[in-house]
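Structure first, then comments.
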Amino acid sequence: MRPASATIRDNAGAVAATAILLALSLAAPARAEGDAPPEDKRLEIHGYGEIHYNNPETGTMDKDALARVDVHRLVLGWEYEFTSSIRMSAEVDFEHSATEIELEYALLEYDLTPTLSFRVGSLLLPVGPLNEFHEPPTYHSVERPYIETYVLPTTWQDIGLGLVGRTTNGALAYRAYVVSGLDATGFSTSDGIRGGRQHGVEAKAEDLGLVGRLEYAIKGGFTLGTSGYVGGADQGTPGLGSVDVTIFEGDLRFRRGAFDLRGEWAGVSIGNSDSVSIAVGEPVGSNIWGVTWEAAFDLINGRSKAPGRALWLFTRYERFDTNGDTEPGIARDPAAERKVFTTGVSYRPVREVALKTDVEFWKDGADQDLTRLNVGAAFQF
Amino acid sequence: MTRSIGRTNAVATLLILALAIGAAPAPKSTAKAATPAPAPPPFAKVYLALRGCTSCDHCRTTIRQMTKGSAKGGETHVNGSQVEVLYAKPRVVPLREVIKSLAENRLHDLNLVDVLFEANGSIAKGADGSLRFTMAETGQSFPVSVAPTMERPADGRSVRLVAVVDGWRGKGGITLVAREVRSAA
């Protein structure tokens with residue numbers, strides 16, 4: 001007999017989703033005067049891509065691992081406006097020279113009011129500052145920040161529905177979605193919850209998740225953000241018991257003139273992680289955490305006639321542990337605690353193109369260290 | 001078992017509601033769009049050119065919501081780095097507010113670089129001898145400058161004005177700088 005609290009928890013997302021859809025079915029869309037856009041203005045095409053050289057390859061602490069070069073991502077996207085209040089948007093990611101194809105997102109958006117929209121489909125979860133805004137020219141390093149890989153599993157998309165809104169001047173933005181939950185059978189020691197993403201591929205939906213984010217842009221260049229996620233992750237897997245995942249994240253960024261400073265903290269707690277550890281055959285953390293700060297300075301800083309031209313020098317420190325704590329009886333893997341110091345340069349001849357190189361210095365809790373050289377080229381349009 | 005039934009019901013409810021939304025009758029305006037007759041130009045149009053991040057879904061939604069929030073019913077379209085706000089019928093156009101919503105946004109990588117305004121109305125000299133463009137039916141007016149060499153209908157005639165909007169970067173008033181003035185007939 002499943003406890004009543006678990007049943008409520010499991011169905012909370014569905015209840016919330018039903019309530020949202022009921023409200024929507026009663027609400028008329030926010031119609032503007034006039035008609036749908038002319039046919040030649042309905043479709044918008046966009047995309048981005050990045051090519052990497054990593055020496056040694058990523059995802060290892062083995063100094064003897066080979067160097068790799070890879071067309072890591074080539075993403076093509078489009079948006080089609082049915083009316084000025086209803087549109088669809090999608091991106092397809094051709095990863096690793098198009099040997100892996102992933103639906104980045106595919107959603108329908110429906111404006112309820114001028115500043116509040118409803119979304120349904122495969123959604124990018126609003127967790128952390130990078131998951132929704134991950135176009136490679138927007139960050140300075142060749143690889144994404146590692147806290148956004150090992151603690152917050154970007155790119156994280158799942159099927160769901162919810163609301164996205166903001167104040168008129170854009171200062172306060174918010175998103176809240178109900179999505180299909182993680183699958184705990186994909187959790188691991190070194191990658192944390194990353195392997196639990198289902199990417200909307202015939203995803204198990206026995207457990208749902210609630211996710212939200214608030215961002216506030218303060219005049220003067222400061223942006224504060226916070227994200228939260230709570231959801232079940234056992235997906236009804238026999239013998240796993242009830243597994244809950246809770247994520248909390250906070251971030252701040254200061255951008256003004258030649259300066260770009262940012263910091264972030266993220267924590268993940270996994271309930272019943274001992275049964276998950278037994279099921280997957282390796283220690284899964286009951287607590288996963290990460291912290292990072294980064295400072296960047298633009299040597300050009302507007303002293304060029306080319307709009308957006310910049311030469312960023314940056315340095316970043318990250319510390320994270322995907323086995324921060326484990327349940328009693330589950331031995332913690334010290335190698336899951338990692339520190340990464342990255343420093344490098346990113347040249348942007350125009351704002352949509354970035355040529356980057358950096359060096360990463362890794363050290364883990366098992367006293368292994370590694371130095372990696374990365375070179376990359378990235379674009380977006 | 002109870003859990004499965006409960007979830008099945010929830011999923012079925014979601015599907016039915018989603019279908020209900022999808023099956024809602026098409027608005028009359030969609031039917032109008034299918035007619036072959038060319039649509040008349042909108043009463044007024046604000047055209048905003050942006051520089052910065054306009055390619056990702058979230059940036060476009062942000063731009064759209066900020067603009068719509070100030071457009072007071074204007075039909076807003078975001079296409080690449082261009083935003084158009086259309087007013088099909090005569091009404092007061094919140095031009096300053098629409099411009100402000102994007103010019104004073106707090107996003108780190110989005111800049112308004114140019115604004116065009118197009119509307120029906122008439123041009124005439126005011127009491128102080130300066131030219132003003134007065135929009136048809138609403139009486140809303142803006143100072144306008146017209147190059148002496150530009151051909152245009154006589155003062156007071158109905159015209160279609162296409163103008164660059166100037167002065168929006170400062171705290172003072174805005175001025176229209178005529179690029180084209182043609183008969184509105």
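Naming works like this for the structure tokens: A, B, ... for the chains as they're shown, residue 1 at the start of each chain, ligands 1 onward in shown order.
For Ala178 in chain B, the list of residues within 12 Å, based on only C-alpha atoms and with local chain neighbours fewer than 5 positions off taken out, reads Leu116, Phe117, Glu118, Ala119, Ile123, Leu131, Arg132, Phe133, Phe142, Pro143, Val144, Ser145, Val146, Ala147, Pro148, Thr149, Met150, Glu151, Arg152, Val159, Arg160, Leu161, Val162, Ala163, Val164, Val165 and Asp166 of chain B.
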Preceding selection exported with C-alpha atoms as a PDB file, in the first residue's frame:
ATOM      1  CA  LEU B 116      10.581  54.258 -37.561  1.00  0.00           C
ATOM      2  CA  PHE B 117       7.007  55.479 -37.313  1.00  0.00           C
ATOM      3  CA  GLU B 118       4.378  55.361 -40.011  1.00  0.00           C
ATOM      4  CA  ALA B 119       0.819  56.688 -39.778  1.00  0.00           C
ATOM      5  CA  ILE B 123       1.056  68.007 -41.558  1.00  0.00           C
ATOM      6  CA  LEU B 131       5.478  71.803 -38.325  1.00  0.00           C
ATOM      7  CA  ARG B 132       3.390  69.192 -36.536  1.00  0.00           C
ATOM      8  CA  PHE B 133       2.061  65.876 -37.694  1.00  0.00           C
ATOM      9  CA  PHE B 142       4.056  65.104 -32.825  1.00  0.00           C
ATOM     10  CA  PRO B 143       6.557  67.722 -33.947  1.00  0.00           C
ATOM     11  CA  VAL B 144       7.861  66.818 -37.390  1.00  0.00           C
ATOM     12  CA  SER B 145      10.710  68.069 -39.484  1.00  0.00           C
ATOM     13  CA  VAL B 146      10.493  67.828 -43.254  1.00  0.00           C
ATOM     14  CA  ALA B 147      13.446  68.530 -45.521  1.00  0.00           C
ATOM     15  CA  PRO B 148      12.658  71.591 -47.693  1.00  0.00           C
ATOM     16  CA  THR B 149      13.515  69.582 -50.792  1.00  0.00           C
ATOM     17  CA  MET B 150      11.081  66.778 -50.026  1.00  0.00           C
ATOM     18  CA  GLU B 151       8.023  66.674 -52.245  1.00  0.00           C
ATOM     19  CA  ARG B 152       4.810  66.391 -50.271  1.00  0.00           C
ATOM     20  CA  VAL B 159      -0.954  62.083 -45.869  1.00  0.00           C
ATOM     21  CA  ARG B 160       0.816  58.858 -45.077  1.00  0.00           C
ATOM     22  CA  LEU B 161       3.960  59.790 -43.171  1.00  0.00           C
ATOM     23  CA  VAL B 162       7.010  57.563 -42.811  1.00  0.00           C
ATOM     24  CA  ALA B 163       9.472  59.058 -40.349  1.00  0.00           C
ATOM     25  CA  VAL B 164      12.504  58.298 -38.242  1.00  0.00           C
ATOM     26  CA  VAL B 165      11.808  58.954 -34.582  1.00  0.00           C
ATOM     27  CA  ASP B 166      14.404  61.234 -33.034  1.00  0.00           C
TER      28      ASP B 166
END
Polymer residues at most 6 Å from range 102-118 of chain A, only C-alpha atoms, same-chain spacing of 4 or more positions, as JSON, numbers by chain: {"A": [29, 30, 85, 86, 87, 88, 89, 90, 91, 92, 93, 122, 123, 162, 163, 164, 165, 166], "B": [65, 68, 69]}
Could you please take those selected residues and save C-alpha atoms as a tab-separated table (two decimals), in the first residue's frame?
chain	number	residue	atom	x	y	z
A	29	PRO	CA	-6.17	34.61	-25.59
A	30	ALA	CA	-4.75	38.10	-25.36
A	85	SER	CA	-0.65	35.69	-29.76
A	86	ILE	CA	0.00	32.06	-30.71
A	87	ARG	CA	3.28	30.64	-31.99
A	88	MET	CA	5.41	27.51	-31.98
A	89	SER	CA	9.13	27.35	-31.51
A	90	ALA	CA	11.58	24.48	-31.79
A	91	GLU	CA	15.26	23.63	-32.01
A	92	VAL	CA	16.96	20.46	-33.19
A	93	ASP	CA	20.48	19.77	-31.95
A	122	SER	CA	9.24	20.03	-24.61
A	123	LEU	CA	10.57	22.86	-22.46
A	162	GLY	CA	3.53	26.29	-17.47
A	163	LEU	CA	3.72	30.03	-17.44
A	164	VAL	CA	6.35	32.56	-18.44
A	165	GLY	CA	5.98	36.23	-17.62
A	166	ARG	CA	7.67	39.44	-16.68
B	65	GLN	CA	6.31	40.69	-23.66
B	68	LYS	CA	3.22	44.15	-25.78
B	69	GLY	CA	3.09	45.35	-22.20
Nearest to chain A, chosen from B:Glu75, B:Ile99, B:Thr61, B:Ala39, with only C-alpha atoms counted in the distances: B:Glu75
Test item: residues at most 9 Å from Ala279 in chain A, only C-alpha atoms, excluding those fewer than 4 positions along its chain, as a PyMOL selection string: chain A and resi 185+239-240+274-275
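One distance worth recording is that between CA of Ala306 in chain A and CA of Asn79 in chain B, which is 23.0 Å.
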